[in-house]
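Working notes for the structure below.
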Amino acid sequence: MLPVVFHDAYVARDVPSGHRFPMGKFRAVAEEVLRAGIVKDFDSFYRPTPAPASWLQLAHDAAYVDQVLTQSVPAALERRIGFKMTEPVALRSRCAVAGTALAARLALEHGAACNTAGGSHHAMADGGAGFCVFNDVAVASRLLLAEGSVSRVLVIDLDVHQGDGTARIFETDPRVFTLSVHCEQNWPRRKAVSDSDVGLDQGTGDEGYLKAARDAVIDALEASRPDLVFYNAGVDPHREDRLGLLDLTNEGLAARDALVFDLVMRRGVPIVGVLGGGYSKDIQALAKRHALLHQAGAKALRQHA
């Protein structure tokens with residue numbers, strides 16, 4: 001069985017239902033994973049313990065970490081993040097980080113694992129942005145590197161937006177290779193420099209996207225020779241996403257996720273899947289798209305076990 005991580009705190013209850021960020025999707029994704037038979041029941045999800053400040057400070061400035069944990073984030077930074085920093089939002093962010101770290105440890109043990117949150121790739125060392133408070137993949141990478149569990153990490157980011165925060169956190173760290181395949185015309189307007197950036201034209205559909213992603217992932221695996229891969233499987237490249245400018249279908253997303261798992265696992269490299277972006281108002285349709293990640297991971301784990 002594919003190990004899958006979930007925590008009730010992934011849904012910050014004080015974020016209003018009409019908020020631009022669809023907070024309710026995290027519980028809906030977990031329910032979709034259950035319906036797909038990937039996890040037997042809610043007690044079968046792996047549950048993280050909130051990340052301590054010492055973990056968060058591996059990728060973020062101590063002053064910023066303290067501001068989040070004490071809910072004293074300056075108003076201007078709150079606006080950049082997109083959330084008022086309440087206790088539930090801070091707890092949600094700590095749990096999402098811990099969930100990705102737990103999924104990483106499970107992947108090292110089992111070959112693959114997925115979080116039902118994570119992919120907060122716009123958060124930088126000195127502060128969050130774009131609905132991202134803490135950069136869970138960056139913290140988890142630094143944690144495993146510090147522990148000596150891995151020596152080289154590859155981040156495959158296929159969200160529609162560039163993984164600018166991740167790129168900037170690791171821009172001088174040769175142990176982590178960052179790949180971002182995104183829509184070039186989409187936010188952020190001022191791009192960072194990843195180890196490999198593939199900026200696709202607005203309106204790119206399934207065929208062009210899958211070819212570009214395949215080539216980029218193969219090249220990144222060759223260049224980085226990783227001990228562990230983090231895969232940000234944002235579904236905002238979908239043609240119906242409110243914040244995406246690409247033209248992928250559900251079938252294209254499913255093929256993408258299957259492709260990434262296959263390319264990584266056929267090399268014997270453990271892989272961690274995290275949710276990334278997805279901004280449809282239809283929560284159920286959105287949850288089904290996100291759960292394609294977990295379905296692909298479960299199938300790949302059976303094939304490559």
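Following the order of the structure tokens, chains are lettered A, B, ..., residues in each are numbered from 1, and ligands are numbered from 1.
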Find the nearest atom pair between each residue of stretch 64-121 of chain A and stretch 289-295 of chain A for residues within 12 Å, count only C-alpha atoms, give distances in Å to one decimal, sort rows by chain and ascending number, and present the table as a tab-separated table.
```
residue	atom	partner	partner_atom	distance
A:Ala112	CA	A:His294	CA	10.0
A:Ala113	CA	A:His294	CA	8.4
A:Cys114	CA	A:His294	CA	6.5
A:Asn115	CA	A:His294	CA	8.7
A:Thr116	CA	A:Ala291	CA	8.5
A:Ala117	CA	A:His290	CA	9.8
A:Gly118	CA	A:His290	CA	11.7
A:Gly119	CA	A:His290	CA	12.0
```
Save the residues we just selected, N, CA and C atoms, as a PDB file, in the first residue's frame?
```pdb
ATOM      1  N   ALA A 112       8.090   4.933  -2.210  1.00  0.00           N
ATOM      2  CA  ALA A 112       7.244   6.061  -2.607  1.00  0.00           C
ATOM      3  C   ALA A 112       6.280   6.365  -1.473  1.00  0.00           C
ATOM      4  N   ALA A 113       5.868   7.622  -1.378  1.00  0.00           N
ATOM      5  CA  ALA A 113       4.874   8.060  -0.397  1.00  0.00           C
ATOM      6  C   ALA A 113       4.334   9.394  -0.855  1.00  0.00           C
ATOM      7  N   CYS A 114       3.139   9.748  -0.365  1.00  0.00           N
ATOM      8  CA  CYS A 114       2.522  11.016  -0.760  1.00  0.00           C
ATOM      9  C   CYS A 114       1.937  11.727   0.447  1.00  0.00           C
ATOM     10  N   ASN A 115       2.031  13.028   0.432  1.00  0.00           N
ATOM     11  CA  ASN A 115       1.318  13.874   1.368  1.00  0.00           C
ATOM     12  C   ASN A 115      -0.029  14.246   0.731  1.00  0.00           C
ATOM     13  N   THR A 116      -0.990  14.657   1.544  1.00  0.00           N
ATOM     14  CA  THR A 116      -2.244  15.216   1.007  1.00  0.00           C
ATOM     15  C   THR A 116      -2.256  16.724   1.197  1.00  0.00           C
ATOM     16  N   ALA A 117      -1.086  17.308   1.329  1.00  0.00           N
ATOM     17  CA  ALA A 117      -0.886  18.760   1.369  1.00  0.00           C
ATOM     18  C   ALA A 117       0.518  19.004   0.833  1.00  0.00           C
ATOM     19  N   GLY A 118       1.060  20.186   1.076  1.00  0.00           N
ATOM     20  CA  GLY A 118       2.434  20.464   0.678  1.00  0.00           C
ATOM     21  C   GLY A 118       2.565  21.050  -0.712  1.00  0.00           C
ATOM     22  N   GLY A 119       3.805  21.334  -1.064  1.00  0.00           N
ATOM     23  CA  GLY A 119       4.092  21.988  -2.330  1.00  0.00           C
ATOM     24  C   GLY A 119       4.048  23.497  -2.245  1.00  0.00           C
TER      25      GLY A 119
END
```
- Would you please give, as a ChimeraX atom specification, all residues of stretch 175-272 of chain A that DSSP assigns to alpha helix (DSSP H) based on the backbone? /A:206-224,250-265
Residues just named, written with C-alpha atoms as a PDB file, in the first residue's frame:
```pdb
ATOM      1  CA  ASP A 206      -1.326  17.719 -23.170  1.00  0.00           C
ATOM      2  CA  GLU A 207       0.966  16.645 -26.003  1.00  0.00           C
ATOM      3  CA  GLY A 208       3.410  19.549 -25.847  1.00  0.00           C
ATOM      4  CA  TYR A 209       3.408  19.588 -22.060  1.00  0.00           C
ATOM      5  CA  LEU A 210       4.098  15.871 -21.663  1.00  0.00           C
ATOM      6  CA  LYS A 211       6.997  15.957 -24.114  1.00  0.00           C
ATOM      7  CA  ALA A 212       8.568  18.952 -22.381  1.00  0.00           C
ATOM      8  CA  ALA A 213       8.067  17.428 -18.927  1.00  0.00           C
ATOM      9  CA  ARG A 214       9.499  14.069 -19.961  1.00  0.00           C
ATOM     10  CA  ASP A 215      12.618  15.591 -21.481  1.00  0.00           C
ATOM     11  CA  ALA A 216      13.140  17.900 -18.507  1.00  0.00           C
ATOM     12  CA  VAL A 217      12.724  15.157 -15.905  1.00  0.00           C
ATOM     13  CA  ILE A 218      15.096  12.786 -17.714  1.00  0.00           C
ATOM     14  CA  ASP A 219      17.728  15.520 -17.989  1.00  0.00           C
ATOM     15  CA  ALA A 220      17.320  16.496 -14.322  1.00  0.00           C
ATOM     16  CA  LEU A 221      17.668  12.912 -13.137  1.00  0.00           C
ATOM     17  CA  GLU A 222      20.845  12.541 -15.181  1.00  0.00           C
ATOM     18  CA  ALA A 223      22.283  15.821 -13.917  1.00  0.00           C
ATOM     19  CA  SER A 224      21.448  15.358 -10.232  1.00  0.00           C
ATOM     20  CA  ASN A 250      -7.599  15.304 -16.582  1.00  0.00           C
ATOM     21  CA  GLU A 251      -6.089  12.662 -18.852  1.00  0.00           C
ATOM     22  CA  GLY A 252      -3.021  14.823 -19.379  1.00  0.00           C
ATOM     23  CA  LEU A 253      -2.533  15.293 -15.637  1.00  0.00           C
ATOM     24  CA  ALA A 254      -2.905  11.551 -15.038  1.00  0.00           C
ATOM     25  CA  ALA A 255      -0.356  10.791 -17.767  1.00  0.00           C
ATOM     26  CA  ARG A 256       2.033  13.370 -16.304  1.00  0.00           C
ATOM     27  CA  ASP A 257       1.890  11.873 -12.806  1.00  0.00           C
ATOM     28  CA  ALA A 258       2.336   8.336 -14.115  1.00  0.00           C
ATOM     29  CA  LEU A 259       5.281   9.512 -16.224  1.00  0.00           C
ATOM     30  CA  VAL A 260       7.109  11.113 -13.311  1.00  0.00           C
ATOM     31  CA  PHE A 261       6.676   8.146 -10.980  1.00  0.00           C
ATOM     32  CA  ASP A 262       7.814   5.733 -13.682  1.00  0.00           C
ATOM     33  CA  LEU A 263      10.890   7.725 -14.710  1.00  0.00           C
ATOM     34  CA  VAL A 264      12.010   8.093 -11.089  1.00  0.00           C
ATOM     35  CA  MET A 265      11.161   4.661  -9.713  1.00  0.00           C
TER      36      MET A 265
END
```
- Query: For A:Val229, which residue out of A:Ala123, A:Ile156, A:Leu144, A:Ala62 is the nearest one, using only C-alpha atoms?
  - Reply: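 Result for the nearest residue to A:Val229: A:Ile156.
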Using only C-alpha atoms, find each residue of stretch 105-165 of chain A with at least one atom at most 10 Å away from an atom of stretch 277-286 of chain A; report its shortest atom-to-atom pair and that distance in Å (one decimal), sort the rows by chain and rising residue number, and return the result as a tab-separated table.
```
residue	atom	partner	partner_atom	distance
A:Ala117	CA	A:Gly277	CA	9.7
A:Gly118	CA	A:Gly277	CA	9.1
A:Gly119	CA	A:Gly277	CA	7.4
A:Ser120	CA	A:Gly277	CA	8.2
A:His121	CA	A:Gly277	CA	9.4
A:Phe131	CA	A:Gly277	CA	9.4
A:Leu158	CA	A:Gly277	CA	9.7
A:Asp159	CA	A:Gly277	CA	6.3
A:Val160	CA	A:Gly277	CA	7.8
A:His161	CA	A:Gly277	CA	8.4
```
Next, the residues of the selection above should be written as a short mmCIF file (atom, residue, chain, number, x, y, z; two decimals), in the first residue's frame with C-alpha atoms.
```
data_model
loop_
_atom_site.label_atom_id
_atom_site.label_comp_id
_atom_site.auth_asym_id
_atom_site.auth_seq_id
_atom_site.Cartn_x
_atom_site.Cartn_y
_atom_site.Cartn_z
CA ALA A 117 -0.89 18.76 1.37
CA GLY A 118 2.43 20.46 0.68
CA GLY A 119 4.09 21.99 -2.33
CA SER A 120 4.27 25.49 -0.84
CA HIS A 121 6.98 26.51 -3.27
CA PHE A 131 -0.63 31.25 -0.17
CA LEU A 158 5.36 20.76 -12.28
CA ASP A 159 3.02 23.35 -10.79
CA VAL A 160 1.82 25.93 -13.34
CA HIS A 161 3.74 28.61 -11.40
#
```
May I have a table of the residues of stretch 87-133 of chain A lying at most 12 Å from stretch 186-199 of chain A, giving each one's closest pair of atoms and their distance in Å to one decimal, counting only C-alpha atoms, ordered by chain and ascending residue number, as a Markdown table?
```
| residue | atom | partner | partner_atom | distance |
| --- | --- | --- | --- | --- |
| A:His121 | CA | A:Pro188 | CA | 11.4 |
| A:His122 | CA | A:Pro188 | CA | 8.9 |
| A:Met124 | CA | A:Ala192 | CA | 11.0 |
| A:Ala129 | CA | A:Pro188 | CA | 10.0 |
| A:Gly130 | CA | A:Pro188 | CA | 9.0 |
```
- Using only C-alpha atoms, pick whichever of A:Thr249, A:Gln202, A:Thr70, A:Gln57 has the shortest atom-to-atom distance to A:Ala140.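 Counting only C-alpha atoms, the residue closest to A:Ala140 is A:Gln57.
When atom CA of A:Phe6 is paired with atom CA of A:Glu32, their separation reads 12.3 Å.
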- Nearest residue to A:Ser180 from the set A:Glu109, A:Asp43, A:Asp66, A:Asp157 (distances using only C-alpha atoms):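 When distances to A:Ser180 are compared using only C-alpha atoms, the smallest one comes from A:Asp157.
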- Query: A:Asp8: which residues within 10 Å, counting only C-alpha atoms, same-chain residues fewer than 6 positions away excluded, as a PyMOL selection string?
  - Reply: chain A and resi 26-27+30+47+92+95
- Atomic separation - atom CA of A:Glu78 relative to atom CA of A:Gly273, Å: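 For atom CA of A:Gly273 relative to atom CA of A:Glu78, the distance reads 27.4 Å.
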What are the DSSP strand (DSSP E) residues of stretch 62-259 of chain A, as a PDB file with C-alpha atoms, in the first residue's frame?
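Saved result, states_11.pdb, follows:
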```pdb
ATOM      1  CA  ALA A 112       7.244   6.061  -2.607  1.00  0.00           C
ATOM      2  CA  ALA A 113       4.874   8.060  -0.397  1.00  0.00           C
ATOM      3  CA  CYS A 114       2.522  11.016  -0.760  1.00  0.00           C
ATOM      4  CA  ASN A 115       1.318  13.874   1.368  1.00  0.00           C
ATOM      5  CA  VAL A 153      17.968  15.710  -3.598  1.00  0.00           C
ATOM      6  CA  LEU A 154      16.035  16.509  -6.774  1.00  0.00           C
ATOM      7  CA  VAL A 155      12.924  18.702  -6.681  1.00  0.00           C
ATOM      8  CA  ILE A 156      10.645  18.170  -9.684  1.00  0.00           C
ATOM      9  CA  ASP A 157       8.142  21.042  -9.703  1.00  0.00           C
ATOM     10  CA  VAL A 176      19.662  20.091  -4.108  1.00  0.00           C
ATOM     11  CA  PHE A 177      18.816  20.284  -7.817  1.00  0.00           C
ATOM     12  CA  THR A 178      15.679  22.273  -8.639  1.00  0.00           C
ATOM     13  CA  LEU A 179      13.629  21.703 -11.794  1.00  0.00           C
ATOM     14  CA  SER A 180      10.595  23.867 -12.593  1.00  0.00           C
ATOM     15  CA  VAL A 181       8.325  23.310 -15.607  1.00  0.00           C
ATOM     16  CA  HIS A 182       5.776  26.127 -15.595  1.00  0.00           C
ATOM     17  CA  CYS A 183       3.848  28.626 -17.697  1.00  0.00           C
ATOM     18  CA  SER A 196      16.648  23.873 -14.745  1.00  0.00           C
ATOM     19  CA  ASP A 197      13.728  26.067 -15.863  1.00  0.00           C
ATOM     20  CA  VAL A 198      11.311  25.163 -18.649  1.00  0.00           C
ATOM     21  CA  GLY A 199       8.900  28.006 -19.335  1.00  0.00           C
ATOM     22  CA  LEU A 200       5.988  26.874 -21.496  1.00  0.00           C
ATOM     23  CA  LEU A 228      15.481  11.204  -3.136  1.00  0.00           C
ATOM     24  CA  VAL A 229      13.000  13.062  -5.356  1.00  0.00           C
ATOM     25  CA  PHE A 230      10.299  15.488  -4.240  1.00  0.00           C
ATOM     26  CA  TYR A 231       7.538  15.834  -6.824  1.00  0.00           C
ATOM     27  CA  ASN A 232       5.285  18.896  -6.686  1.00  0.00           C
TER      28      ASN A 232
END
```
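Distances here use only C-alpha atoms; by that measure, the residue among A:Val89, A:Ala138, A:Val272, A:Ala287 closest to A:Thr166 is A:Ala138.
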